[in-house]
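Some notes on the structure that comes next.
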Amino acid sequence: MKKSLVLAAAAALMLSACATDFMAYKTGTEVTAEQLAQFQPGVSTQPQVQAAIGAPNRRESLNGKELWYYDFNKIRHVGANVNEATVFEWDASGKLLQTYKTGSTARTGNALIDAANGR
C-alpha cells in the first residue's frame with residue numbers, strides 16, 4: 001500500500017512538472033504579455049525597450065520603419081511547441097509605432113527545433 005502511494009505521488013509530481021514546462025528546451029528571448037503591455041505606441045522609446053528586454057535578436061528596415069524582432073522557441077515535453085517572434089515597429093525618430101507577435105513556419109537554423117516542429 002505504501003509503495004503504491006509513493007509511486008502515485010511520484011507520478012503526480014512528474015506530470016505537474018511537465019505541465020509547467022519542466023526541462024523544456026528554450027532559445028531566444030521570451031517577451032511575455034505583461035512585458036509587452038508596459039510599452040505604449042507614440043510614448044515608448046528604443047532605450048526603454050532595450051533596458052527592459054535587452055537587445056533584439058534581429059533588426060530590419062522596411063519602408064522608413066525600423067523593426068526589432070525578439071525570436072523565441074520552446075520545445076515542450078507535453079503540449080504544443082512555441083515558435084514566435086515579438087516585433088516592435090519604430091518610426092524614424094525612435095518612437096514606438098506598434099507591437100505584435102507572429103508565428104513562423106520558416107526554418108530556425110536550429111536542427112533540434114526544426115525537427116520538433118516538423119521542418
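Here's how to read the names in the C-alpha cells: chain A, B, ... by the order shown, residue numbers from 1 in each chain, ligand numbers from 1 in the order shown.
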Find the spatial neighbours of range 52-66 of chain A, counting only C-alpha atoms, within a cut-off of 9 Å - ignore same-chain residues fewer than 4 positions away - and output them as a list in words. Gly28, Thr29, Glu30, Val31, Gln35, Pro47, Gln48, Tyr70, Asp71, Phe88, Glu89, Trp90, Asp91, Ala92, Gly94 and Leu97 of chain A
Would you write out those residues with C-alpha atoms, as a PDB file, in the first residue's frame?
```pdb
ATOM      1  CA  GLY A  28      15.888  33.243 -27.891  1.00  0.00           C
ATOM      2  CA  THR A  29      14.193  35.941 -25.871  1.00  0.00           C
ATOM      3  CA  GLU A  30      10.715  35.340 -24.489  1.00  0.00           C
ATOM      4  CA  VAL A  31       8.643  38.524 -24.277  1.00  0.00           C
ATOM      5  CA  GLN A  35       6.248  42.901 -20.585  1.00  0.00           C
ATOM      6  CA  PRO A  47      16.300  52.718 -24.966  1.00  0.00           C
ATOM      7  CA  GLN A  48      13.313  51.858 -22.721  1.00  0.00           C
ATOM      8  CA  TYR A  70      12.732  39.100 -30.415  1.00  0.00           C
ATOM      9  CA  ASP A  71      12.694  35.473 -31.588  1.00  0.00           C
ATOM     10  CA  PHE A  88       8.476  46.226 -32.305  1.00  0.00           C
ATOM     11  CA  GLU A  89       7.936  48.755 -35.127  1.00  0.00           C
ATOM     12  CA  TRP A  90       9.651  52.150 -34.767  1.00  0.00           C
ATOM     13  CA  ASP A  91       9.369  55.414 -36.687  1.00  0.00           C
ATOM     14  CA  ALA A  92      12.414  57.369 -37.885  1.00  0.00           C
ATOM     15  CA  GLY A  94      12.744  56.084 -32.499  1.00  0.00           C
ATOM     16  CA  LEU A  97       4.505  52.606 -33.659  1.00  0.00           C
TER      17      LEU A  97
END
```
Need to verify the contact set: Ser44 in chain A, 6 Å, only C-alpha atoms, exclusion of same-chain residues closer than 2 positions in sequence. Can you return it as an MDAnalysis selection string? chainID A and resid 39:40 96
Distance CA of Lys74 in chain A-CA of Met23 in chain A, one decimal place?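 That distance, rounded to one decimal, is 10.2 Å.
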Need the shell around Tyr100 in chain A: protein/DNA/RNA residues with any atom at most 12 Å away, counting only C-alpha atoms. Skip same-chain ones fewer than 6 positions apart. Format as an MDAnalysis selection string? chainID A and resid 31:33 36:37 39 41 67:70 84:89
Written selection (C-alpha atoms) as a PDB file, in the first residue's frame:
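Done, and the output landed in result15.pdb:
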```
ATOM      1  CA  VAL A  31       8.643  38.524 -24.277  1.00  0.00           C
ATOM      2  CA  THR A  32       5.625  37.960 -22.046  1.00  0.00           C
ATOM      3  CA  ALA A  33       2.252  39.663 -22.419  1.00  0.00           C
ATOM      4  CA  LEU A  36       4.617  43.848 -23.870  1.00  0.00           C
ATOM      5  CA  ALA A  37       1.816  45.715 -22.082  1.00  0.00           C
ATOM      6  CA  PHE A  39       5.150  49.706 -23.878  1.00  0.00           C
ATOM      7  CA  PRO A  41       2.795  53.410 -29.083  1.00  0.00           C
ATOM      8  CA  LEU A  67      11.624  46.594 -36.988  1.00  0.00           C
ATOM      9  CA  TRP A  68      13.054  44.822 -33.969  1.00  0.00           C
ATOM     10  CA  TYR A  69      12.488  41.078 -33.624  1.00  0.00           C
ATOM     11  CA  TYR A  70      12.732  39.100 -30.415  1.00  0.00           C
ATOM     12  CA  GLU A  84       7.264  33.060 -32.282  1.00  0.00           C
ATOM     13  CA  ALA A  85       8.725  36.494 -32.761  1.00  0.00           C
ATOM     14  CA  THR A  86       7.708  39.596 -30.853  1.00  0.00           C
ATOM     15  CA  VAL A  87       8.005  42.575 -33.200  1.00  0.00           C
ATOM     16  CA  PHE A  88       8.476  46.226 -32.305  1.00  0.00           C
ATOM     17  CA  GLU A  89       7.936  48.755 -35.127  1.00  0.00           C
TER      18      GLU A  89
END
```
Between CA of Phe72 in chain A and CA of Thr27 in chain A, what distance in Å does the model show, to one decimal?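 Computing the Euclidean distance for CA of Phe72 in chain A and CA of Thr27 in chain A yields 5.8 Å.
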DSSP on the backbone, strand (DSSP E) only: what residues of range 8-98 of chain A does that give? Format it as an NGL selection string. :A and (25-28 or 58-62 or 65-75 or 82-90 or 96-98)
Could the residues in this selection be written to a file with C-alpha atoms, as a PDB file, in the first residue's frame?
```pdb
ATOM      1  CA  TYR A  25      14.251  23.397 -24.412  1.00  0.00           C
ATOM      2  CA  LYS A  26      14.246  27.174 -24.959  1.00  0.00           C
ATOM      3  CA  THR A  27      16.152  29.517 -27.260  1.00  0.00           C
ATOM      4  CA  GLY A  28      15.888  33.243 -27.891  1.00  0.00           C
ATOM      5  CA  ARG A  58      17.248  40.808 -35.402  1.00  0.00           C
ATOM      6  CA  ARG A  59      16.749  44.302 -36.834  1.00  0.00           C
ATOM      7  CA  GLU A  60      15.328  45.255 -40.207  1.00  0.00           C
ATOM      8  CA  SER A  61      14.469  48.462 -42.083  1.00  0.00           C
ATOM      9  CA  LEU A  62      11.269  48.493 -44.114  1.00  0.00           C
ATOM     10  CA  LYS A  65      10.366  51.933 -40.307  1.00  0.00           C
ATOM     11  CA  GLU A  66      12.794  50.028 -38.138  1.00  0.00           C
ATOM     12  CA  LEU A  67      11.624  46.594 -36.988  1.00  0.00           C
ATOM     13  CA  TRP A  68      13.054  44.822 -33.969  1.00  0.00           C
ATOM     14  CA  TYR A  69      12.488  41.078 -33.624  1.00  0.00           C
ATOM     15  CA  TYR A  70      12.732  39.100 -30.415  1.00  0.00           C
ATOM     16  CA  ASP A  71      12.694  35.473 -31.588  1.00  0.00           C
ATOM     17  CA  PHE A  72      11.684  32.739 -29.140  1.00  0.00           C
ATOM     18  CA  ASN A  73      11.397  28.957 -29.440  1.00  0.00           C
ATOM     19  CA  LYS A  74      10.338  26.414 -26.841  1.00  0.00           C
ATOM     20  CA  ILE A  75      10.172  22.656 -27.269  1.00  0.00           C
ATOM     21  CA  VAL A  82       6.256  27.621 -29.351  1.00  0.00           C
ATOM     22  CA  ASN A  83       7.951  29.323 -32.298  1.00  0.00           C
ATOM     23  CA  GLU A  84       7.264  33.060 -32.282  1.00  0.00           C
ATOM     24  CA  ALA A  85       8.725  36.494 -32.761  1.00  0.00           C
ATOM     25  CA  THR A  86       7.708  39.596 -30.853  1.00  0.00           C
ATOM     26  CA  VAL A  87       8.005  42.575 -33.200  1.00  0.00           C
ATOM     27  CA  PHE A  88       8.476  46.226 -32.305  1.00  0.00           C
ATOM     28  CA  GLU A  89       7.936  48.755 -35.127  1.00  0.00           C
ATOM     29  CA  TRP A  90       9.651  52.150 -34.767  1.00  0.00           C
ATOM     30  CA  LEU A  96       7.169  53.047 -30.968  1.00  0.00           C
ATOM     31  CA  LEU A  97       4.505  52.606 -33.659  1.00  0.00           C
ATOM     32  CA  GLN A  98       3.145  49.166 -32.707  1.00  0.00           C
TER      33      GLN A  98
END
```
If you measure from CA of Arg76 in chain A to CA of Gly103 in chain A, what distance in Å do you get, rounded to one decimal?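 That distance, rounded to one decimal, is 16.3 Å.
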Using DSSP on the backbone coordinates, identify all residues within range 9-71 of chain A classified as alpha helix (DSSP H); present the result as a list in words. Ala9, Ala10, Ala11, Ala12, Leu13, Met14, Leu15, Ser16, Ala17, Cys18, Ala19, Ala33, Glu34, Gln35, Leu36, Ala37, Gln46, Pro47, Gln48, Val49, Gln50, Ala51, Ala52 and Ile53 of chain A
With all heavy atoms kept, could you save the residues just selected as a compact mmCIF listing (two decimals), in the first residue's frame?
```txt
# COMPACT_ATOMS: atom_id res chain seq x y z
N ALA A 9 2.33 9.38 -5.94
CA ALA A 9 2.81 10.73 -5.65
C ALA A 9 3.93 11.12 -6.61
O ALA A 9 3.96 12.25 -7.11
CB ALA A 9 3.30 10.83 -4.21
N ALA A 10 4.83 10.20 -6.90
CA ALA A 10 5.92 10.49 -7.83
C ALA A 10 5.38 10.75 -9.24
O ALA A 10 5.84 11.66 -9.93
CB ALA A 10 6.92 9.33 -7.86
N ALA A 11 4.39 9.95 -9.65
CA ALA A 11 3.78 10.16 -10.97
C ALA A 11 3.08 11.51 -11.05
O ALA A 11 3.19 12.22 -12.05
CB ALA A 11 2.80 9.03 -11.27
N ALA A 12 2.37 11.88 -9.99
CA ALA A 12 1.68 13.17 -9.96
C ALA A 12 2.68 14.32 -10.02
O ALA A 12 2.47 15.32 -10.72
CB ALA A 12 0.82 13.29 -8.71
N LEU A 13 3.80 14.17 -9.33
CA LEU A 13 4.84 15.20 -9.34
C LEU A 13 5.45 15.34 -10.73
O LEU A 13 5.64 16.44 -11.23
CB LEU A 13 5.93 14.86 -8.32
CG LEU A 13 7.09 15.85 -8.23
CD1 LEU A 13 6.59 17.21 -7.77
CD2 LEU A 13 8.15 15.33 -7.28
N MET A 14 5.71 14.22 -11.39
CA MET A 14 6.27 14.26 -12.73
C MET A 14 5.30 14.89 -13.72
O MET A 14 5.69 15.68 -14.58
CB MET A 14 6.67 12.86 -13.20
CG MET A 14 7.91 12.37 -12.49
SD MET A 14 8.59 10.77 -12.96
CE MET A 14 7.53 10.07 -14.11
N LEU A 15 4.02 14.57 -13.62
CA LEU A 15 3.02 15.15 -14.52
C LEU A 15 2.88 16.65 -14.29
O LEU A 15 2.76 17.42 -15.24
CB LEU A 15 1.68 14.46 -14.35
CG LEU A 15 1.59 13.06 -14.95
CD1 LEU A 15 0.25 12.43 -14.59
CD2 LEU A 15 1.79 13.10 -16.45
N SER A 16 2.90 17.07 -13.04
CA SER A 16 2.79 18.51 -12.77
C SER A 16 4.03 19.24 -13.25
O SER A 16 3.94 20.37 -13.72
CB SER A 16 2.54 18.78 -11.29
OG SER A 16 3.69 18.44 -10.53
N ALA A 17 5.18 18.61 -13.17
CA ALA A 17 6.41 19.24 -13.66
C ALA A 17 6.33 19.41 -15.17
O ALA A 17 6.74 20.44 -15.71
CB ALA A 17 7.62 18.40 -13.27
N CYS A 18 5.82 18.41 -15.88
CA CYS A 18 5.69 18.51 -17.33
C CYS A 18 4.71 19.61 -17.71
O CYS A 18 4.90 20.31 -18.69
CB CYS A 18 5.23 17.19 -17.93
SG CYS A 18 6.51 15.93 -17.91
N ALA A 19 3.66 19.76 -16.94
CA ALA A 19 2.64 20.76 -17.25
C ALA A 19 3.18 22.17 -17.10
O ALA A 19 2.67 23.11 -17.70
CB ALA A 19 1.43 20.56 -16.35
N ALA A 33 3.34 38.69 -22.21
CA ALA A 33 2.25 39.66 -22.42
C ALA A 33 2.37 40.81 -21.42
O ALA A 33 2.09 41.97 -21.77
CB ALA A 33 0.90 38.97 -22.28
N GLU A 34 2.81 40.51 -20.20
CA GLU A 34 2.97 41.56 -19.19
C GLU A 34 4.07 42.55 -19.59
O GLU A 34 3.92 43.75 -19.41
CB GLU A 34 3.29 40.94 -17.82
CG GLU A 34 2.17 40.14 -17.21
CD GLU A 34 2.03 38.73 -17.79
OE1 GLU A 34 3.00 38.21 -18.41
OE2 GLU A 34 0.95 38.14 -17.67
N GLN A 35 5.18 42.02 -20.13
CA GLN A 35 6.25 42.90 -20.59
C GLN A 35 5.78 43.75 -21.75
O GLN A 35 6.03 44.95 -21.79
CB GLN A 35 7.47 42.09 -21.02
CG GLN A 35 8.25 41.48 -19.88
CD GLN A 35 9.35 40.58 -20.39
OE1 GLN A 35 9.11 39.66 -21.15
NE2 GLN A 35 10.57 40.86 -19.97
N LEU A 36 5.09 43.14 -22.68
CA LEU A 36 4.62 43.85 -23.87
C LEU A 36 3.64 44.97 -23.50
O LEU A 36 3.65 46.03 -24.12
CB LEU A 36 3.96 42.86 -24.83
CG LEU A 36 3.94 43.20 -26.30
CD1 LEU A 36 5.32 43.54 -26.83
CD2 LEU A 36 3.36 42.04 -27.09
N ALA A 37 2.83 44.74 -22.49
CA ALA A 37 1.82 45.72 -22.08
C ALA A 37 2.41 47.00 -21.51
O ALA A 37 1.75 48.04 -21.48
CB ALA A 37 0.87 45.09 -21.06
N GLN A 46 13.19 53.36 -27.89
CA GLN A 46 14.08 52.22 -28.06
C GLN A 46 14.93 51.96 -26.81
O GLN A 46 15.06 50.80 -26.40
CB GLN A 46 14.95 52.42 -29.30
CG GLN A 46 14.14 52.36 -30.57
CD GLN A 46 14.94 52.69 -31.81
OE1 GLN A 46 16.02 53.28 -31.74
NE2 GLN A 46 14.41 52.31 -32.97
N PRO A 47 15.52 52.98 -26.18
CA PRO A 47 16.30 52.72 -24.97
C PRO A 47 15.46 52.08 -23.84
O PRO A 47 15.96 51.25 -23.09
CB PRO A 47 16.82 54.09 -24.55
CG PRO A 47 16.87 54.88 -25.82
CD PRO A 47 15.68 54.39 -26.61
N GLN A 48 14.18 52.45 -23.74
CA GLN A 48 13.31 51.86 -22.72
C GLN A 48 13.10 50.36 -22.98
O GLN A 48 13.14 49.56 -22.05
CB GLN A 48 11.96 52.57 -22.69
CG GLN A 48 12.02 53.97 -22.15
CD GLN A 48 10.70 54.72 -22.33
OE1 GLN A 48 9.95 54.49 -23.28
NE2 GLN A 48 10.43 55.64 -21.42
N VAL A 49 12.88 50.01 -24.25
CA VAL A 49 12.67 48.60 -24.59
C VAL A 49 13.95 47.81 -24.35
O VAL A 49 13.92 46.73 -23.76
CB VAL A 49 12.17 48.45 -26.04
CG1 VAL A 49 12.16 46.99 -26.47
CG2 VAL A 49 10.79 49.05 -26.18
N GLN A 50 15.08 48.35 -24.77
CA GLN A 50 16.35 47.65 -24.57
C GLN A 50 16.66 47.47 -23.09
O GLN A 50 17.18 46.44 -22.69
CB GLN A 50 17.50 48.36 -25.26
CG GLN A 50 17.65 47.92 -26.70
CD GLN A 50 18.99 48.30 -27.28
OE1 GLN A 50 19.37 49.47 -27.26
NE2 GLN A 50 19.69 47.32 -27.81
N ALA A 51 16.34 48.47 -22.28
CA ALA A 51 16.59 48.35 -20.84
C ALA A 51 15.72 47.27 -20.20
O ALA A 51 16.16 46.57 -19.29
CB ALA A 51 16.33 49.70 -20.16
N ALA A 52 14.50 47.12 -20.69
CA ALA A 52 13.56 46.15 -20.09
C ALA A 52 13.75 44.73 -20.64
O ALA A 52 13.59 43.76 -19.88
CB ALA A 52 12.12 46.60 -20.34
N ILE A 53 14.05 44.60 -21.93
CA ILE A 53 14.07 43.27 -22.56
C ILE A 53 15.46 42.87 -23.04
O ILE A 53 15.79 41.70 -23.09
CB ILE A 53 13.08 43.23 -23.75
CG1 ILE A 53 11.67 43.54 -23.27
CG2 ILE A 53 13.11 41.88 -24.44
CD1 ILE A 53 10.67 43.69 -24.38
```
